[in-house]
Amino acid sequence: MKKGLILVLCPLISLAALAQTVPDAKKFIYYERYNSAQAALQNIVKTDPANAESWYLLSKSFLLSDKPAPLQNLMAQSPANVKSEPFYQVAYGNLLLSKGNKDSARFYFNQALDKTREKNPDILSAVAEAHITAKAGDANYAVQLLDRAIDRDKKNPALYALLGDAHRKLGNGSEAYKAYTGALEKDNQYAVALYRMGKIFVSQKNPEMYLKYFTQAQQADSNYAPVFYELYYHYYFTDPQKALQYFQQFVAKSDLNKDNDVLYTDLLYLNKQYDAAIAKAKHLLTQHSGDSMPRLYKLMAYSYLGAKDTASAMTNMVQYFSKEVDSNMVVKDFETMADLYATAQGKEDSAITYYLKTVNKAKDHPERFHFYKKLAELYKDKKDYLNQAQWLGMYYQDNPKASNIDLFNWGIANFKAEAYVQADTVFGTYIQKYPDQAFGYYWRARTNSLMDSTMEKGAAIPWYNQLITMLEKDPANKTNKKWLIEAYGYLAAYETNQVKDYKTATENLKKILAIDPENKDAQQYITILEKKLSSDNNNTGNNK
């Protein structure tokens with residue numbers, strides 16, 4: 001009698017446990033706690049392998065967490081008698097559709113729908129959700145299926161929320177919003193609908209609206225972790241302290257995930273808790289292989305930089321570069337490495353190497369001009385003016401923020417590099433853009449004087465003449481005075497040596513004395529030229 005009673009009780013206990021566990025698994029999926037759902041469901045299919053709905057929920061939990069590989073092996077272990085069940089056929093079709101096998105998936109979905117005569121809202125919504133989730137899914141077909149499901153179960157908010165998801169996949173935000181509103185009309189505390197409404201406005205980059213709905217979702221269900229992640233992500237860029245608070249709530253309401261530990265370390269750094277960030281990163285490295293979490297070395301490097309310990313920052317960045325794959329590296333990584341080398345004495349070449357890598361990584365990045373300027377400064381320090389000029393040119397061209405100073409510096413670098421043709425072009429551009437400023441005329445004159453060192457072509461004359469016209473109204477200005485003396489002197493030299501016009505040369509030298517009476521060179525050359533003119537006049541008179 002006792003033995004028979006035990007045999008009767010065992011199935012009852014098993015069914016009671018199962019009845020409690022399946023809803024729990026559904027709740028885990030609702031809260032996006034997929035690891036917990038998978039653990040519960042794997043236990044169910046082991047003890048009750050004929051439970052087709054559990055197989056469907058298992059496939060759903062794996063695919064929503066983007067982990068199809070283990071699912072393939074698990075479903076291969078399912079018993080033959082469950083494979084003809086509609087829920088199982090949806091599960092298998094779901095797996096096939098996730099792989100892009102649309103025709104094969106359709107076969108299994110159609111079998112499930114035919115067996116239920118397309119009247120079971122659970123099967124209709126399951127097939128629809130598979131099409132919504134999979135990249136290869138047909139969202140229009142999902143809408144049709146969900147309309148049928150809602151006709152048969154008009155009070156279920158989950159169906160309206162799925163309908164909103166289908167419209168979102170189609171890019172129809174207004175219809176999605178209507179569907180989510182329908183879900184809230186059935187249950188005004190349905191957090192998923194509020195959360196998904198917020199996601200519509202995230203795509204529209206409307207923070208006022210998405211924060212409104214995320215806040216409402218949080219108030220409706222304080223255990224709905226996804227909304228805390230969205231709030232954390234929003235404040236990550238504007239308020240690191242708030243971001244940390246929301247992230248801590250997200251972690252408390254989510255399954256364990258080692259990636260969350262890295263994100264938490266990142267937030268400690270952003271909140272300038274550098275010692276805590278370093279300690280947390282070191283702790284994680286003892287728990288996990290450093291090679292599997294190379295980003296921790298970068299986080300430690302940034303934290304050491306925040307703590308003004310550049311030596312330790314360098315050590316950790318070197319580790320990061322040795323362990324991280326190239327495809328995961330971003331512009332900031334190369335820039336940080338370059339900045340570290342730039343501060344280390346004797347490492348200028350290494351700094352240049354990493355800035356060149358930064359530039360290569362940031363070809364279309366808005367901040368690329370900043371890196372061009374950095375390279376120009378490093379080459380200037382090395383007195384490599386030709387390369388300085390190259391990067392200053394890159395900085396100036398197509399840069400809406402470039403100024404007249406940047407254009408001027410580009411010309412000067414070419415001048416110092418003795419790239420006179422390019423310097424002449426740059427200063428010509430300067431004159432064209434800023435005709436009321438003397439700098440372009442002066443440096444174009446100097447550039448041409450060096451290109452025409454024998455004065456044979458008189459290439460510098462036009463620019464010195466224009467400089468004089470611009471400056472002679474204010475000769476008292478110190479710079480104007482200096483440049484006028486140079487200009488008058490150059491004209492006098494040209495007239496003396498090339499034109500043999502000693503009178504005009506003397507007049508230009510006297511203009512020097514008018515602004516600088518003590519100028520001994522002008523006095524000396526005037527004396528020489530006046531003797532020459534007197535001698536020439538005497539010779540002319542004697543010849544007559």
# chains A, B, ... in the order shown; residues from 1 in each chain; ligands from 1
>>> residues_around(residues="segment 60-66 of chain A", least_positions_apart="5", cutoff="8 Å", atoms="only C-alpha atoms", output="PyMOL selection string")
chain A and resi 29+34-35+37-38+71+91+94-95+98+133
>>> select_by_dssp(residues="segment 337-443 of chain A", states="helix (DSSP H, G or I)", output="PyMOL selection string")
chain A and resi 337-343+348-361+368-381+385-396+404-416+420-433+438-443
>>> residues_around(residues="Val90 of chain A", least_positions_apart="3", cutoff="8 Å", atoms="only C-alpha atoms", output="PyMOL selection string")
chain A and resi 56+86-87+93-94+108-109+112+123+126-127
>>> residues_around(residues="segment 191-201 of chain A", least_positions_apart="2", cutoff="7 Å", atoms="only C-alpha atoms", output="ChimeraX atom specification")
/A:161,173,177,180,183-184,189,203-206,209-211,213-214,216-217,220-221,227
>>> closest_atom_pairs(of="segment 346-447 of chain A", to="segment 469-476 of chain A", cutoff="10 Å", atoms="only C-alpha atoms", output="CSV")
residue,atom,partner,partner_atom,distance
A:Pro435,CA,A:Met470,CA,9.9
A:Asp436,CA,A:Met470,CA,8.1
A:Gln437,CA,A:Met470,CA,8.5
A:Ala438,CA,A:Met470,CA,7.0
A:Tyr441,CA,A:Met470,CA,9.3
>>> write_last_selection(atoms="C-alpha atoms", output="PDB file, in the first residue's frame")
ATOM      1  CA  PRO A 435      44.656  90.546 -48.775  1.00  0.00           C
ATOM      2  CA  ASP A 436      44.602  93.128 -45.970  1.00  0.00           C
ATOM      3  CA  GLN A 437      47.284  91.341 -43.929  1.00  0.00           C
ATOM      4  CA  ALA A 438      50.986  91.961 -44.566  1.00  0.00           C
ATOM      5  CA  TYR A 441      53.229  89.651 -48.992  1.00  0.00           C
TER       6      TYR A 441
END
>>> residues_around(residues="Arg295 of chain A", least_positions_apart="4", cutoff="8 Å", atoms="only C-alpha atoms", output="MDAnalysis selection string")
chainID A and resid 262 299 320 324
>>> write_last_selection(atoms="C-alpha atoms", output="JSON list (two decimals), in the first residue's frame")
[["chain", "number", "residue", "atom", "x", "y", "z"],
["A", 262, "VAL", "CA", 34.48, 44.94, -17.23],
["A", 299, "LEU", "CA", 41.17, 50.16, -18.41],
["A", 320, "TYR", "CA", 46.86, 45.49, -24.14],
["A", 324, "GLU", "CA", 44.03, 42.39, -28.13]]
>>> residues_around(residues="segment 389-400 of chain A", least_positions_apart="2", cutoff="10 Å", atoms="only C-alpha atoms", output="PyMOL selection string")
chain A and resi 366+368-377+379-380+384-387+402-417+419+422-423+426
>>> residues_around(residues="Ser54 of chain A", least_positions_apart="4", cutoff="9 Å", atoms="only C-alpha atoms", output="PDB file with N, CA and C atoms, in the first residue's frame")
ATOM      1  N   VAL A  22       8.103  25.884 -15.409  1.00  0.00           N
ATOM      2  CA  VAL A  22       7.872  26.424 -16.748  1.00  0.00           C
ATOM      3  C   VAL A  22       7.468  27.897 -16.687  1.00  0.00           C
ATOM      4  N   ALA A  25      10.525  29.834 -16.003  1.00  0.00           N
ATOM      5  CA  ALA A  25      11.377  29.952 -17.193  1.00  0.00           C
ATOM      6  C   ALA A  25      10.845  31.051 -18.117  1.00  0.00           C
ATOM      7  N   LEU A  41      15.255  25.337 -18.167  1.00  0.00           N
ATOM      8  CA  LEU A  41      14.642  24.573 -19.253  1.00  0.00           C
ATOM      9  C   LEU A  41      15.431  23.317 -19.601  1.00  0.00           C
ATOM     10  N   GLN A  42      16.747  23.388 -19.513  1.00  0.00           N
ATOM     11  CA  GLN A  42      17.536  22.177 -19.755  1.00  0.00           C
ATOM     12  C   GLN A  42      17.217  21.116 -18.703  1.00  0.00           C
ATOM     13  N   ILE A  44      14.315  20.828 -17.274  1.00  0.00           N
ATOM     14  CA  ILE A  44      12.971  20.323 -17.581  1.00  0.00           C
ATOM     15  C   ILE A  44      13.024  19.277 -18.690  1.00  0.00           C
ATOM     16  N   VAL A  45      13.753  19.592 -19.790  1.00  0.00           N
ATOM     17  CA  VAL A  45      13.762  18.645 -20.912  1.00  0.00           C
ATOM     18  C   VAL A  45      14.526  17.364 -20.563  1.00  0.00           C
ATOM     19  N   ASP A  48      11.633  15.743 -18.354  1.00  0.00           N
ATOM     20  CA  ASP A  48      10.403  15.548 -19.126  1.00  0.00           C
ATOM     21  C   ASP A  48      10.675  15.876 -20.589  1.00  0.00           C
ATOM     22  N   PRO A  49      11.429  15.026 -21.288  1.00  0.00           N
ATOM     23  CA  PRO A  49      11.823  15.311 -22.675  1.00  0.00           C
ATOM     24  C   PRO A  49      10.658  15.420 -23.644  1.00  0.00           C
ATOM     25  N   ALA A  50       9.471  14.964 -23.255  1.00  0.00           N
ATOM     26  CA  ALA A  50       8.316  15.042 -24.149  1.00  0.00           C
ATOM     27  C   ALA A  50       7.597  16.384 -24.050  1.00  0.00           C
ATOM     28  N   LEU A  58      13.252  26.690 -24.801  1.00  0.00           N
ATOM     29  CA  LEU A  58      14.708  26.536 -24.776  1.00  0.00           C
ATOM     30  C   LEU A  58      15.326  27.138 -26.040  1.00  0.00           C
ATOM     31  N   SER A  59      14.714  26.829 -27.181  1.00  0.00           N
ATOM     32  CA  SER A  59      15.250  27.384 -28.432  1.00  0.00           C
ATOM     33  C   SER A  59      15.158  28.908 -28.411  1.00  0.00           C
ATOM     34  N   PHE A  87       4.741  22.778 -30.892  1.00  0.00           N
ATOM     35  CA  PHE A  87       5.717  23.648 -30.226  1.00  0.00           C
ATOM     36  C   PHE A  87       7.149  23.261 -30.606  1.00  0.00           C
ATOM     37  N   TYR A  88       7.409  21.953 -30.678  1.00  0.00           N
ATOM     38  CA  TYR A  88       8.749  21.518 -31.047  1.00  0.00           C
ATOM     39  C   TYR A  88       9.059  21.913 -32.492  1.00  0.00           C
TER      40      TYR A  88
END
>>> closest_residue(among="A:Lys511, A:His167, A:Lys212, A:Lys457", to="Gln498 of chain A", atoms="only C-alpha atoms")
A:Lys457
>>> atom_distance(atom1="atom CA of Pro294 of chain A", atom2="atom CA of Asp275 of chain A")
18.8 Å
>>> atom_distance(atom1="atom CA of Glu518 of chain A", atom2="atom CA of Lys503 of chain A")
21.0 Å
>>> closest_residue(among="A:Ile468, A:Leu305, A:Ala136, A:Ala459", to="Thr336 of chain A", atoms="only C-alpha atoms")
A:Leu305
>>> closest_residue(among="A:Leu145, A:Ala445, A:Leu509, A:Met300", to="Gln523 of chain A", atoms="only C-alpha atoms")
A:Leu509
